[in-house]
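> Contents are mmCIF, N, CA and C atoms; file name query.cif:
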data_data
#
loop_
_atom_site.label_atom_id
_atom_site.label_comp_id
_atom_site.auth_asym_id
_atom_site.auth_seq_id
_atom_site.Cartn_x
_atom_site.Cartn_y
_atom_site.Cartn_z
N MET A 939 -154.82 -106.71 68.72
CA MET A 939 -155.20 -105.38 68.26
C MET A 939 -154.94 -105.30 66.76
N LYS A 940 -155.89 -104.80 66.01
CA LYS A 940 -155.74 -104.64 64.57
C LYS A 940 -155.08 -103.31 64.26
N VAL A 941 -154.10 -103.35 63.32
CA VAL A 941 -153.43 -102.13 62.89
C VAL A 941 -153.33 -102.12 61.37
N ILE A 942 -153.16 -100.93 60.82
CA ILE A 942 -152.92 -100.74 59.39
C ILE A 942 -151.48 -100.26 59.25
N LEU A 943 -150.68 -100.97 58.48
CA LEU A 943 -149.26 -100.63 58.35
C LEU A 943 -149.07 -99.42 57.44
N ASN A 944 -148.27 -98.45 57.90
CA ASN A 944 -147.94 -97.26 57.11
C ASN A 944 -146.74 -97.49 56.22
N GLN A 945 -145.92 -98.48 56.55
CA GLN A 945 -144.74 -98.80 55.75
C GLN A 945 -144.40 -100.26 55.95
N ASP A 946 -143.47 -100.76 55.15
CA ASP A 946 -143.07 -102.16 55.24
C ASP A 946 -142.40 -102.41 56.59
N VAL A 947 -142.80 -103.49 57.25
CA VAL A 947 -142.20 -103.90 58.52
C VAL A 947 -141.75 -105.35 58.34
N ALA A 948 -140.44 -105.57 58.51
CA ALA A 948 -139.89 -106.91 58.30
C ALA A 948 -140.56 -107.91 59.23
N GLY A 949 -140.96 -109.04 58.67
CA GLY A 949 -141.58 -110.10 59.44
C GLY A 949 -143.04 -109.87 59.76
N LEU A 950 -143.59 -108.72 59.39
CA LEU A 950 -144.99 -108.43 59.71
C LEU A 950 -145.81 -108.21 58.45
N GLY A 951 -145.36 -107.34 57.55
CA GLY A 951 -146.12 -107.11 56.34
C GLY A 951 -145.65 -105.87 55.60
N GLU A 952 -146.37 -105.56 54.54
CA GLU A 952 -146.05 -104.43 53.69
C GLU A 952 -146.99 -103.27 53.96
N GLU A 953 -146.63 -102.12 53.41
CA GLU A 953 -147.45 -100.92 53.55
C GLU A 953 -148.87 -101.21 53.07
N GLY A 954 -149.85 -100.78 53.87
CA GLY A 954 -151.24 -100.96 53.49
C GLY A 954 -151.86 -102.25 54.01
N ASP A 955 -151.06 -103.17 54.53
CA ASP A 955 -151.60 -104.42 55.06
C ASP A 955 -152.30 -104.18 56.40
N ILE A 956 -153.32 -104.97 56.66
CA ILE A 956 -154.03 -104.93 57.94
C ILE A 956 -153.60 -106.18 58.70
N ARG A 957 -153.06 -106.00 59.91
CA ARG A 957 -152.51 -107.11 60.68
C ARG A 957 -153.05 -107.09 62.11
N GLU A 958 -153.14 -108.26 62.68
CA GLU A 958 -153.50 -108.43 64.09
C GLU A 958 -152.19 -108.62 64.85
N VAL A 959 -151.90 -107.73 65.79
CA VAL A 959 -150.66 -107.79 66.57
C VAL A 959 -150.99 -107.66 68.05
N ALA A 960 -150.01 -107.97 68.89
CA ALA A 960 -150.18 -107.81 70.34
C ALA A 960 -150.35 -106.33 70.67
N ARG A 961 -151.16 -106.06 71.68
CA ARG A 961 -151.43 -104.67 72.07
C ARG A 961 -150.15 -103.92 72.42
N GLY A 962 -149.28 -104.55 73.18
CA GLY A 962 -148.03 -103.90 73.59
C GLY A 962 -147.13 -103.59 72.42
N TYR A 963 -147.06 -104.51 71.45
CA TYR A 963 -146.24 -104.30 70.26
C TYR A 963 -146.75 -103.09 69.48
N ALA A 964 -148.08 -103.01 69.35
CA ALA A 964 -148.66 -101.88 68.62
C ALA A 964 -148.48 -100.58 69.40
N ARG A 965 -148.82 -100.60 70.68
CA ARG A 965 -148.82 -99.40 71.49
C ARG A 965 -147.40 -98.87 71.77
N ASN A 966 -146.45 -99.78 71.97
CA ASN A 966 -145.10 -99.37 72.37
C ASN A 966 -144.10 -99.25 71.23
N PHE A 967 -144.39 -99.89 70.09
CA PHE A 967 -143.41 -99.87 69.01
C PHE A 967 -143.98 -99.35 67.70
N LEU A 968 -144.99 -100.02 67.16
CA LEU A 968 -145.50 -99.68 65.82
C LEU A 968 -146.10 -98.28 65.74
N ILE A 969 -146.98 -97.95 66.64
CA ILE A 969 -147.67 -96.66 66.56
C ILE A 969 -146.74 -95.49 66.90
N PRO A 970 -145.92 -95.54 67.98
CA PRO A 970 -145.02 -94.40 68.25
C PRO A 970 -144.01 -94.14 67.14
N LYS A 971 -143.55 -95.18 66.45
CA LYS A 971 -142.57 -94.99 65.38
C LYS A 971 -143.26 -94.72 64.03
N ASN A 972 -144.59 -94.59 64.04
CA ASN A 972 -145.39 -94.31 62.85
C ASN A 972 -145.28 -95.41 61.79
N PHE A 973 -145.02 -96.65 62.25
CA PHE A 973 -145.02 -97.79 61.34
C PHE A 973 -146.45 -98.25 61.06
N ALA A 974 -147.38 -97.92 61.98
CA ALA A 974 -148.76 -98.36 61.83
C ALA A 974 -149.69 -97.37 62.52
N VAL A 975 -150.98 -97.48 62.17
CA VAL A 975 -152.03 -96.71 62.83
C VAL A 975 -153.10 -97.70 63.29
N PRO A 976 -153.87 -97.35 64.33
CA PRO A 976 -154.92 -98.26 64.78
C PRO A 976 -155.97 -98.49 63.68
N TYR A 977 -156.58 -99.65 63.69
CA TYR A 977 -157.61 -100.00 62.71
C TYR A 977 -158.92 -99.35 63.14
N THR A 978 -159.26 -98.23 62.49
CA THR A 978 -160.53 -97.55 62.75
C THR A 978 -161.18 -97.25 61.40
N LYS A 979 -162.46 -96.87 61.43
CA LYS A 979 -163.16 -96.54 60.18
C LYS A 979 -162.49 -95.37 59.47
N GLN A 980 -162.06 -94.36 60.24
CA GLN A 980 -161.41 -93.18 59.66
C GLN A 980 -160.08 -93.57 59.01
N ASN A 981 -159.25 -94.33 59.71
CA ASN A 981 -157.96 -94.75 59.16
C ASN A 981 -158.15 -95.69 57.97
N LEU A 982 -159.19 -96.51 58.02
CA LEU A 982 -159.48 -97.41 56.90
C LEU A 982 -159.88 -96.62 55.66
N SER A 983 -160.67 -95.55 55.82
CA SER A 983 -161.06 -94.74 54.66
C SER A 983 -159.84 -94.00 54.09
N GLN A 984 -158.92 -93.56 54.96
CA GLN A 984 -157.69 -92.93 54.47
C GLN A 984 -156.85 -93.93 53.68
N LEU A 985 -156.84 -95.18 54.15
CA LEU A 985 -156.09 -96.23 53.45
C LEU A 985 -156.68 -96.45 52.05
N GLU A 986 -157.98 -96.46 51.94
CA GLU A 986 -158.63 -96.68 50.65
C GLU A 986 -158.31 -95.57 49.66
N THR A 987 -158.16 -94.33 50.15
CA THR A 987 -157.82 -93.24 49.25
C THR A 987 -156.37 -93.34 48.77
N ARG A 988 -155.52 -93.96 49.58
CA ARG A 988 -154.10 -94.11 49.22
C ARG A 988 -153.80 -95.44 48.52
N ARG A 989 -154.78 -96.30 48.38
CA ARG A 989 -154.58 -97.67 47.88
C ARG A 989 -153.87 -97.70 46.52
N ALA A 990 -154.26 -96.87 45.58
CA ALA A 990 -153.67 -96.87 44.24
C ALA A 990 -152.18 -96.51 44.30
N ALA A 991 -151.83 -95.52 45.11
CA ALA A 991 -150.43 -95.12 45.24
C ALA A 991 -149.61 -96.23 45.89
N ILE A 992 -150.19 -96.90 46.87
CA ILE A 992 -149.48 -98.01 47.54
C ILE A 992 -149.23 -99.14 46.56
N GLU A 993 -150.23 -99.49 45.77
CA GLU A 993 -150.07 -100.57 44.78
C GLU A 993 -149.01 -100.20 43.73
N GLN A 994 -148.96 -98.94 43.35
CA GLN A 994 -147.96 -98.48 42.38
C GLN A 994 -146.55 -98.63 42.96
N ARG A 995 -146.38 -98.26 44.24
CA ARG A 995 -145.06 -98.39 44.89
C ARG A 995 -144.65 -99.86 44.99
N LYS A 996 -145.61 -100.74 45.29
CA LYS A 996 -145.30 -102.18 45.37
C LYS A 996 -144.86 -102.70 44.01
N GLU A 997 -145.54 -102.28 42.96
CA GLU A 997 -145.20 -102.72 41.61
C GLU A 997 -143.81 -102.20 41.21
N ASP A 998 -143.50 -100.96 41.57
CA ASP A 998 -142.17 -100.41 41.29
C ASP A 998 -141.09 -101.20 42.01
N LYS A 999 -141.35 -101.58 43.26
CA LYS A 999 -140.38 -102.38 44.03
C LYS A 999 -140.18 -103.75 43.37
N ARG A 1000 -141.25 -104.37 42.89
CA ARG A 1000 -141.14 -105.68 42.22
C ARG A 1000 -140.29 -105.57 40.95
N ARG A 1001 -140.55 -104.53 40.14
CA ARG A 1001 -139.78 -104.34 38.91
C ARG A 1001 -138.31 -104.10 39.21
N GLU A 1002 -138.05 -103.28 40.21
CA GLU A 1002 -136.67 -102.98 40.61
C GLU A 1002 -135.97 -104.25 41.09
N ALA A 1003 -136.68 -105.08 41.85
CA ALA A 1003 -136.09 -106.33 42.34
C ALA A 1003 -135.77 -107.28 41.19
N MET A 1004 -136.63 -107.33 40.19
CA MET A 1004 -136.38 -108.21 39.04
C MET A 1004 -135.15 -107.75 38.26
N SER A 1005 -134.99 -106.45 38.05
CA SER A 1005 -133.82 -105.96 37.31
C SER A 1005 -132.55 -106.17 38.13
N LEU A 1006 -132.64 -105.96 39.45
CA LEU A 1006 -131.49 -106.19 40.32
C LEU A 1006 -131.11 -107.67 40.32
N LYS A 1007 -132.11 -108.54 40.29
CA LYS A 1007 -131.85 -109.98 40.26
C LYS A 1007 -131.07 -110.36 39.01
N GLU A 1008 -131.47 -109.84 37.87
CA GLU A 1008 -130.78 -110.15 36.61
C GLU A 1008 -129.34 -109.66 36.64
N ARG A 1009 -129.12 -108.46 37.17
CA ARG A 1009 -127.76 -107.93 37.24
C ARG A 1009 -126.89 -108.71 38.22
N LEU A 1010 -127.46 -109.06 39.38
CA LEU A 1010 -126.68 -109.79 40.39
C LEU A 1010 -126.31 -111.19 39.91
N GLU A 1011 -127.24 -111.86 39.22
CA GLU A 1011 -126.95 -113.22 38.77
C GLU A 1011 -125.90 -113.26 37.67
N ALA A 1012 -125.65 -112.13 37.03
CA ALA A 1012 -124.60 -112.06 36.01
C ALA A 1012 -123.22 -111.88 36.65
N GLU A 1013 -123.19 -111.49 37.92
CA GLU A 1013 -121.92 -111.25 38.61
C GLU A 1013 -121.29 -112.56 39.10
N GLU A 1014 -119.96 -112.56 39.16
CA GLU A 1014 -119.23 -113.65 39.81
C GLU A 1014 -118.19 -112.99 40.71
N LEU A 1015 -118.27 -113.31 41.98
CA LEU A 1015 -117.33 -112.74 42.95
C LEU A 1015 -116.18 -113.71 43.14
N VAL A 1016 -114.95 -113.19 43.13
CA VAL A 1016 -113.76 -114.03 43.31
C VAL A 1016 -113.02 -113.54 44.54
N PHE A 1017 -112.77 -114.46 45.46
CA PHE A 1017 -112.00 -114.17 46.67
C PHE A 1017 -110.74 -115.01 46.65
N SER A 1018 -109.62 -114.39 46.96
CA SER A 1018 -108.35 -115.09 47.05
C SER A 1018 -107.96 -115.12 48.52
N MET A 1019 -107.97 -116.32 49.11
CA MET A 1019 -107.73 -116.47 50.55
C MET A 1019 -106.62 -117.49 50.78
N PRO A 1020 -105.84 -117.32 51.86
CA PRO A 1020 -104.84 -118.32 52.18
C PRO A 1020 -105.52 -119.65 52.56
N ALA A 1021 -104.98 -120.75 52.04
CA ALA A 1021 -105.59 -122.05 52.28
C ALA A 1021 -104.51 -123.11 52.47
N GLY A 1022 -104.90 -124.20 53.11
CA GLY A 1022 -103.98 -125.32 53.33
C GLY A 1022 -103.94 -126.24 52.13
N GLU A 1023 -103.17 -127.31 52.25
CA GLU A 1023 -103.01 -128.28 51.16
C GLU A 1023 -104.33 -128.90 50.73
N SER A 1024 -105.22 -129.17 51.69
CA SER A 1024 -106.48 -129.85 51.39
C SER A 1024 -107.55 -128.91 50.83
N GLY A 1025 -107.27 -127.61 50.76
CA GLY A 1025 -108.24 -126.66 50.23
C GLY A 1025 -109.05 -125.99 51.32
N LYS A 1026 -108.77 -126.32 52.57
CA LYS A 1026 -109.46 -125.68 53.70
C LYS A 1026 -108.84 -124.30 53.94
N LEU A 1027 -109.70 -123.29 54.03
CA LEU A 1027 -109.23 -121.91 54.18
C LEU A 1027 -108.72 -121.64 55.59
N PHE A 1028 -107.73 -120.76 55.68
CA PHE A 1028 -107.31 -120.21 56.97
C PHE A 1028 -108.17 -118.96 57.17
N GLY A 1029 -109.34 -119.15 57.74
CA GLY A 1029 -110.33 -118.09 57.84
C GLY A 1029 -111.56 -118.52 57.07
N SER A 1030 -112.40 -117.57 56.69
CA SER A 1030 -113.60 -117.92 55.95
C SER A 1030 -114.13 -116.71 55.20
N VAL A 1031 -115.03 -116.98 54.26
CA VAL A 1031 -115.73 -115.92 53.52
C VAL A 1031 -117.14 -115.87 54.10
N ASN A 1032 -117.55 -114.69 54.60
CA ASN A 1032 -118.87 -114.56 55.20
C ASN A 1032 -119.70 -113.51 54.45
N ASN A 1033 -120.92 -113.29 54.94
CA ASN A 1033 -121.82 -112.38 54.23
C ASN A 1033 -121.30 -110.93 54.23
N ALA A 1034 -120.57 -110.52 55.25
CA ALA A 1034 -120.02 -109.16 55.28
C ALA A 1034 -119.00 -108.96 54.15
N MET A 1035 -118.19 -109.98 53.88
CA MET A 1035 -117.21 -109.88 52.79
C MET A 1035 -117.91 -109.83 51.44
N VAL A 1036 -118.99 -110.60 51.29
CA VAL A 1036 -119.75 -110.60 50.03
C VAL A 1036 -120.37 -109.22 49.81
N VAL A 1037 -120.96 -108.64 50.85
CA VAL A 1037 -121.57 -107.31 50.75
C VAL A 1037 -120.51 -106.27 50.40
N GLN A 1038 -119.35 -106.37 51.03
CA GLN A 1038 -118.27 -105.43 50.76
C GLN A 1038 -117.83 -105.50 49.29
N GLU A 1039 -117.73 -106.70 48.77
CA GLU A 1039 -117.33 -106.88 47.36
C GLU A 1039 -118.42 -106.34 46.43
N LEU A 1040 -119.69 -106.56 46.78
CA LEU A 1040 -120.79 -106.04 45.96
C LEU A 1040 -120.82 -104.51 45.99
N GLU A 1041 -120.49 -103.92 47.14
CA GLU A 1041 -120.45 -102.45 47.23
C GLU A 1041 -119.37 -101.87 46.32
N LYS A 1042 -118.26 -102.58 46.18
CA LYS A 1042 -117.20 -102.13 45.27
C LYS A 1042 -117.69 -102.11 43.83
N ARG A 1043 -118.66 -102.97 43.53
CA ARG A 1043 -119.21 -103.05 42.17
C ARG A 1043 -120.45 -102.19 41.99
N GLY A 1044 -120.79 -101.41 43.02
CA GLY A 1044 -121.89 -100.45 42.87
C GLY A 1044 -123.24 -100.91 43.37
N TYR A 1045 -123.33 -102.01 44.09
CA TYR A 1045 -124.60 -102.50 44.63
C TYR A 1045 -124.70 -102.12 46.10
N SER A 1046 -125.89 -101.74 46.53
CA SER A 1046 -126.12 -101.41 47.94
C SER A 1046 -127.10 -102.44 48.50
N ILE A 1047 -126.57 -103.42 49.22
CA ILE A 1047 -127.38 -104.51 49.76
C ILE A 1047 -127.07 -104.66 51.24
N GLU A 1048 -128.12 -104.85 52.04
CA GLU A 1048 -127.94 -105.03 53.47
C GLU A 1048 -127.32 -106.39 53.75
N ARG A 1049 -126.48 -106.44 54.78
CA ARG A 1049 -125.78 -107.68 55.11
C ARG A 1049 -126.75 -108.79 55.49
N LYS A 1050 -127.83 -108.46 56.18
CA LYS A 1050 -128.76 -109.50 56.62
C LYS A 1050 -129.53 -110.12 55.47
N ARG A 1051 -129.51 -109.51 54.30
CA ARG A 1051 -130.19 -110.07 53.13
C ARG A 1051 -129.35 -111.09 52.37
N VAL A 1052 -128.07 -111.20 52.72
CA VAL A 1052 -127.16 -112.12 52.04
C VAL A 1052 -127.07 -113.41 52.86
N GLU A 1053 -127.39 -114.55 52.23
CA GLU A 1053 -127.34 -115.85 52.90
C GLU A 1053 -126.21 -116.68 52.32
N VAL A 1054 -125.14 -116.82 53.11
CA VAL A 1054 -124.02 -117.66 52.72
C VAL A 1054 -124.32 -119.05 53.25
N PRO A 1055 -124.11 -120.11 52.46
CA PRO A 1055 -124.40 -121.47 52.95
C PRO A 1055 -123.60 -121.76 54.22
N GLU A 1056 -124.30 -122.29 55.23
CA GLU A 1056 -123.70 -122.64 56.52
C GLU A 1056 -123.03 -121.43 57.17
N HIS A 1057 -123.49 -120.23 56.88
CA HIS A 1057 -123.06 -118.95 57.46
C HIS A 1057 -121.67 -118.49 57.04
N ASN A 1058 -120.82 -119.37 56.56
CA ASN A 1058 -119.54 -118.94 56.02
C ASN A 1058 -118.96 -120.04 55.14
N ILE A 1059 -118.07 -119.64 54.24
CA ILE A 1059 -117.44 -120.57 53.31
C ILE A 1059 -116.04 -120.85 53.82
N ARG A 1060 -115.72 -122.12 54.00
CA ARG A 1060 -114.42 -122.49 54.57
C ARG A 1060 -113.57 -123.34 53.63
N MET A 1061 -114.08 -123.57 52.41
CA MET A 1061 -113.33 -124.40 51.46
C MET A 1061 -113.14 -123.66 50.14
N VAL A 1062 -112.05 -124.00 49.47
CA VAL A 1062 -111.77 -123.47 48.13
C VAL A 1062 -112.79 -124.07 47.18
N GLY A 1063 -113.24 -123.29 46.19
CA GLY A 1063 -114.16 -123.80 45.19
C GLY A 1063 -115.23 -122.79 44.83
N SER A 1064 -116.23 -123.27 44.11
CA SER A 1064 -117.34 -122.43 43.68
C SER A 1064 -118.54 -122.67 44.59
N HIS A 1065 -119.16 -121.60 45.04
CA HIS A 1065 -120.28 -121.69 45.97
C HIS A 1065 -121.39 -120.76 45.51
N ALA A 1066 -122.64 -121.14 45.79
CA ALA A 1066 -123.81 -120.31 45.46
C ALA A 1066 -124.25 -119.57 46.72
N VAL A 1067 -124.40 -118.26 46.60
CA VAL A 1067 -124.83 -117.41 47.71
C VAL A 1067 -126.16 -116.78 47.31
N LYS A 1068 -127.14 -116.81 48.22
CA LYS A 1068 -128.46 -116.23 47.96
C LYS A 1068 -128.53 -114.81 48.49
N VAL A 1069 -129.20 -113.96 47.72
CA VAL A 1069 -129.48 -112.60 48.15
C VAL A 1069 -130.99 -112.42 48.11
N LYS A 1070 -131.58 -112.12 49.27
CA LYS A 1070 -133.03 -111.91 49.34
C LYS A 1070 -133.34 -110.52 48.82
N LEU A 1071 -134.31 -110.46 47.92
CA LEU A 1071 -134.75 -109.19 47.35
C LEU A 1071 -136.15 -108.91 47.86
N TYR A 1072 -136.94 -108.17 47.13
CA TYR A 1072 -138.30 -107.81 47.54
C TYR A 1072 -139.23 -109.02 47.46
N GLY A 1073 -140.05 -109.22 48.48
CA GLY A 1073 -141.01 -110.31 48.49
C GLY A 1073 -140.31 -111.66 48.55
N ASN A 1074 -140.70 -112.56 47.65
CA ASN A 1074 -140.11 -113.90 47.63
C ASN A 1074 -138.97 -114.01 46.63
N GLU A 1075 -138.58 -112.92 46.02
CA GLU A 1075 -137.52 -112.94 45.02
C GLU A 1075 -136.15 -113.14 45.67
N GLU A 1076 -135.36 -114.02 45.06
CA GLU A 1076 -133.99 -114.26 45.51
C GLU A 1076 -133.09 -114.30 44.29
N ALA A 1077 -131.87 -113.81 44.47
CA ALA A 1077 -130.87 -113.88 43.41
C ALA A 1077 -129.77 -114.83 43.87
N GLN A 1078 -129.22 -115.60 42.94
CA GLN A 1078 -128.11 -116.50 43.23
C GLN A 1078 -126.84 -115.89 42.66
N ILE A 1079 -125.85 -115.68 43.51
CA ILE A 1079 -124.56 -115.16 43.07
C ILE A 1079 -123.55 -116.28 43.17
N ASN A 1080 -122.73 -116.41 42.13
CA ASN A 1080 -121.68 -117.41 42.16
C ASN A 1080 -120.44 -116.80 42.82
N VAL A 1081 -119.95 -117.45 43.87
CA VAL A 1081 -118.76 -117.00 44.59
C VAL A 1081 -117.66 -118.03 44.39
N LEU A 1082 -116.55 -117.58 43.82
CA LEU A 1082 -115.41 -118.46 43.59
C LEU A 1082 -114.33 -118.12 44.60
N VAL A 1083 -113.92 -119.12 45.38
CA VAL A 1083 -112.87 -118.94 46.39
C VAL A 1083 -111.63 -119.67 45.90
N GLU A 1084 -110.54 -118.90 45.80
CA GLU A 1084 -109.28 -119.47 45.31
C GLU A 1084 -108.26 -119.45 46.45
N ALA A 1085 -107.31 -120.35 46.36
CA ALA A 1085 -106.20 -120.35 47.30
C ALA A 1085 -105.22 -119.26 46.90
N ALA A 1086 -104.83 -118.44 47.84
CA ALA A 1086 -103.88 -117.36 47.56
C ALA A 1086 -102.48 -117.94 47.37
N GLU A 1087 -101.74 -117.35 46.46
CA GLU A 1087 -100.37 -117.81 46.21
C GLU A 1087 -99.48 -117.30 47.34
N GLU A 1088 -98.60 -118.18 47.82
CA GLU A 1088 -97.68 -117.78 48.89
C GLU A 1088 -96.50 -117.06 48.29
N LYS A 1089 -95.99 -116.08 49.02
CA LYS A 1089 -94.87 -115.29 48.52
C LYS A 1089 -93.60 -115.68 49.20
#
Kindly return the structure encoded in the file as structure tokens.

Amino acid sequence: MKVILNQDVAGLGEEGDIREVARGYARNFLIPKNFAVPYTKQNLSQLETRRAAIEQRKEDKRREAMSLKERLEAEELVFSMPAGESGKLFGSVNNAMVVQELEKRGYSIERKRVEVPEHNIRMVGSHAVKVKLYGNEEAQINVLVEAAEEK
């Protein structure tokens, strides 16, 4: 079944895209939640009248993602964790901890957008963490994990 997306749907497309989806997915999820409308001549003409506004919103999102990328890549997150003699942590640093630290610095990023290598960091040292932004844009954040001093 062909549908026209009313808003961005993760894994499917962006606002204004025309997609072929399963009938049940469209009928039971996309259309009732107003994520999409059926592909008809009337809905297509409405899409064409909104096309300029949709393109403007996409461009604004791209610009915002680029500025966020520059700010994020300038950041360095430092975590102090208890570790053994070999540098192996007692515990780990995961994406939730990275998001929490970024929130302290004024960034609002969803946890699922943060990709920690191998899902968590278990060793002392410097690590690169990816943050997915709009479209194909990604930011690299440097995460430094230090061994905590024992008291």
> Exactly which residues make up the result of the PyMOL selection byres (((chain A and resi 1060-1067 and name CA) around 6) and name CA) on this file, given as a PyMOL selection string?
chain A and resi 1025-1027+1030+1053-1054+1059+1068+1078-1084
> Could you pull out the residues in region 973-1067 of chain A that DSSP calls strand (DSSP E) from the backbone, as an MDAnalysis selection string?
chainID A and resid 974:976 1014:1019 1026:1032 1052:1053 1058:1061 1063:1067
> Go through A:Lys1070, A:Phe1017, A:Asp955, A:Ile1047 and flag the residue nearest Lys996 (chain A), using only C-alpha atoms for the distances.
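Closest to Lys996 (chain A), using only C-alpha atoms: A:Asp955.
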> Please measure the separation of CA of Ala964 (chain A) and CA of Gln994 (chain A), giving the value in Å to one decimal.
26.5 Å
> Could you please determine the separation between atom N of Ala1086 (chain A) and atom C of Glu1023 (chain A) in Å, to one decimal place?
10.9 Å
> List every protein, DNA or RNA residue that has an atom no more than 12 Å from (-152.4, -91.8, 52.2) in the file's coordinate frame, counting only C-alpha atoms, and report them as a ChimeraX atom specification.
/A:942-945,953-954,975,980-993
> List every residue of chain A that DSSP, applied to the backbone of this structure, places in alpha helix (DSSP H), and write the result as a PyMOL selection string.
chain A and resi 961-963+979-1012+1033-1042
> On this structure, which residues satisfy the PyMOL selection byres (((chain A and resi 977 and name CA) around 6) and name CA), written as a VMD selection string?
chain A and resid 940 to 942 976 978
> At what distance in Å, to one decimal, does atom N of Glu1008 (chain A) lie from atom N of Tyr1072 (chain A)?
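Taking atom N of Tyr1072 (chain A) as the start and atom N of Glu1008 (chain A) as the end point, the length is 10.9 Å.
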> What do you get, as a PDB file with N, CA and C atoms, keeping the file's coordinate frame, if you spell out every residue that the PyMOL selection byres ((chain A and resi 1073) around 8) selects here?

ATOM      1  N   LYS A 999    -141.350-101.580  43.260  1.00  0.00           N
ATOM      2  CA  LYS A 999    -140.380-102.380  44.030  1.00  0.00           C
ATOM      3  C   LYS A 999    -140.180-103.750  43.370  1.00  0.00           C
ATOM      4  N   ARG A1000    -141.250-104.370  42.890  1.00  0.00           N
ATOM      5  CA  ARG A1000    -141.140-105.680  42.220  1.00  0.00           C
ATOM      6  C   ARG A1000    -140.290-105.570  40.950  1.00  0.00           C
ATOM      7  N   ALA A1003    -136.680-105.080  41.850  1.00  0.00           N
ATOM      8  CA  ALA A1003    -136.090-106.330  42.340  1.00  0.00           C
ATOM      9  C   ALA A1003    -135.770-107.280  41.190  1.00  0.00           C
ATOM     10  N   LYS A1070    -131.580-112.120  49.270  1.00  0.00           N
ATOM     11  CA  LYS A1070    -133.030-111.910  49.340  1.00  0.00           C
ATOM     12  C   LYS A1070    -133.340-110.520  48.820  1.00  0.00           C
ATOM     13  N   LEU A1071    -134.310-110.460  47.920  1.00  0.00           N
ATOM     14  CA  LEU A1071    -134.750-109.190  47.350  1.00  0.00           C
ATOM     15  C   LEU A1071    -136.150-108.910  47.860  1.00  0.00           C
ATOM     16  N   TYR A1072    -136.940-108.170  47.130  1.00  0.00           N
ATOM     17  CA  TYR A1072    -138.300-107.810  47.540  1.00  0.00           C
ATOM     18  C   TYR A1072    -139.230-109.020  47.460  1.00  0.00           C
ATOM     19  N   ASN A1074    -140.700-112.560  47.650  1.00  0.00           N
ATOM     20  CA  ASN A1074    -140.110-113.900  47.630  1.00  0.00           C
ATOM     21  C   ASN A1074    -138.970-114.010  46.630  1.00  0.00           C
ATOM     22  N   GLU A1075    -138.580-112.920  46.020  1.00  0.00           N
ATOM     23  CA  GLU A1075    -137.520-112.940  45.020  1.00  0.00           C
ATOM     24  C   GLU A1075    -136.150-113.140  45.670  1.00  0.00           C
ATOM     25  N   GLU A1076    -135.360-114.020  45.060  1.00  0.00           N
ATOM     26  CA  GLU A1076    -133.990-114.260  45.510  1.00  0.00           C
ATOM     27  C   GLU A1076    -133.090-114.300  44.290  1.00  0.00           C
TER      28      GLU A1076
END
